[in-house]
Amino acid sequence: MYNDPFNDIFAIMEASFPISEFRTREGQWTLLNDLRYRLITDYDDKGGVIAFMAAWEFAEFRFVEHIAVHPAVRGQGLGDKLMKTYISESLTPVVLEVEPPLNEWSCRRIGFYERLGFFLNPFEYKQPPLREGQPELPLMIMSYAQPLTDVAFEHFKETVYRYVYKIYDLH
């Protein structure tokens, strides 16, 4: 039986994130051509993807855009394992976006990352739309292994806006 990892990853993405937090299928597929974009996967014994991380590799930091586990196997430590492996092999800071701590789930998500050694940074940040017609998304930035300085945050934002979100006019 043939498994298509991209279809598995996209299905997990659809089951794990609101539509405003991931690109269209074509938009996600296009990212595979960017050498800075990396997909890290975990498979079940039948060869299907059960967890993945989508990350961007830059010289000064690594940006985790998505991490998700198939709903049928959540709670078994797969996301924890993926993230621990990723940060253990990182020589530069690891940065990611989270929803502000406004409800139980966003607080739990932040707690998950804090237990891994991430810091919640106080900077105002909005994720540009990933799909046409979507609004900006107010998010917060977490960083491993230390909080970001003002300068590091501005560099992160400019880099991610330009290369991840394709926003070229930053001012």
# chains A, B, ... in the order shown; residues from 1 in each chain; ligands from 1
$ residues_around --residues "Asp80 (chain A)" --least-positions-apart "5" --cutoff "12 Å" --atoms "only C-alpha atoms" --output "ChimeraX atom specification"
/A:42,51-53,67-69,74-75,85-88,109,112-117
$ residues_around --residues "Leu148 (chain A)" --least-positions-apart "6" --cutoff "10 Å" --atoms "only C-alpha atoms" --output "list of chain:residue names"
A:Pro93, A:Val95, A:Phe119, A:Leu120, A:Asn121, A:Pro122, A:Phe123, A:Ile141, A:Met142, A:Glu154, A:Phe156
$ atom_distance --atom1 "CA of Lys46 (chain A)" --atom2 "CA of Met83 (chain A)"
22.9 Å
$ select_by_dssp --residues "region 95-169 of chain A" --states "strand (DSSP E)" --output "list of chain:residue names"
A:Val95, A:Leu96, A:Glu97, A:Val98, A:Phe119, A:Leu120, A:Tyr125, A:Lys126, A:Gln127, A:Leu137, A:Pro138, A:Leu139, A:Met140, A:Ile141, A:Met142, A:Ser143, A:Tyr144
$ closest_residue --among "A:Phe22, A:Phe61, A:Phe6, A:Tyr43" --to "Gln127 (chain A)" --atoms "only C-alpha atoms"
A:Phe22
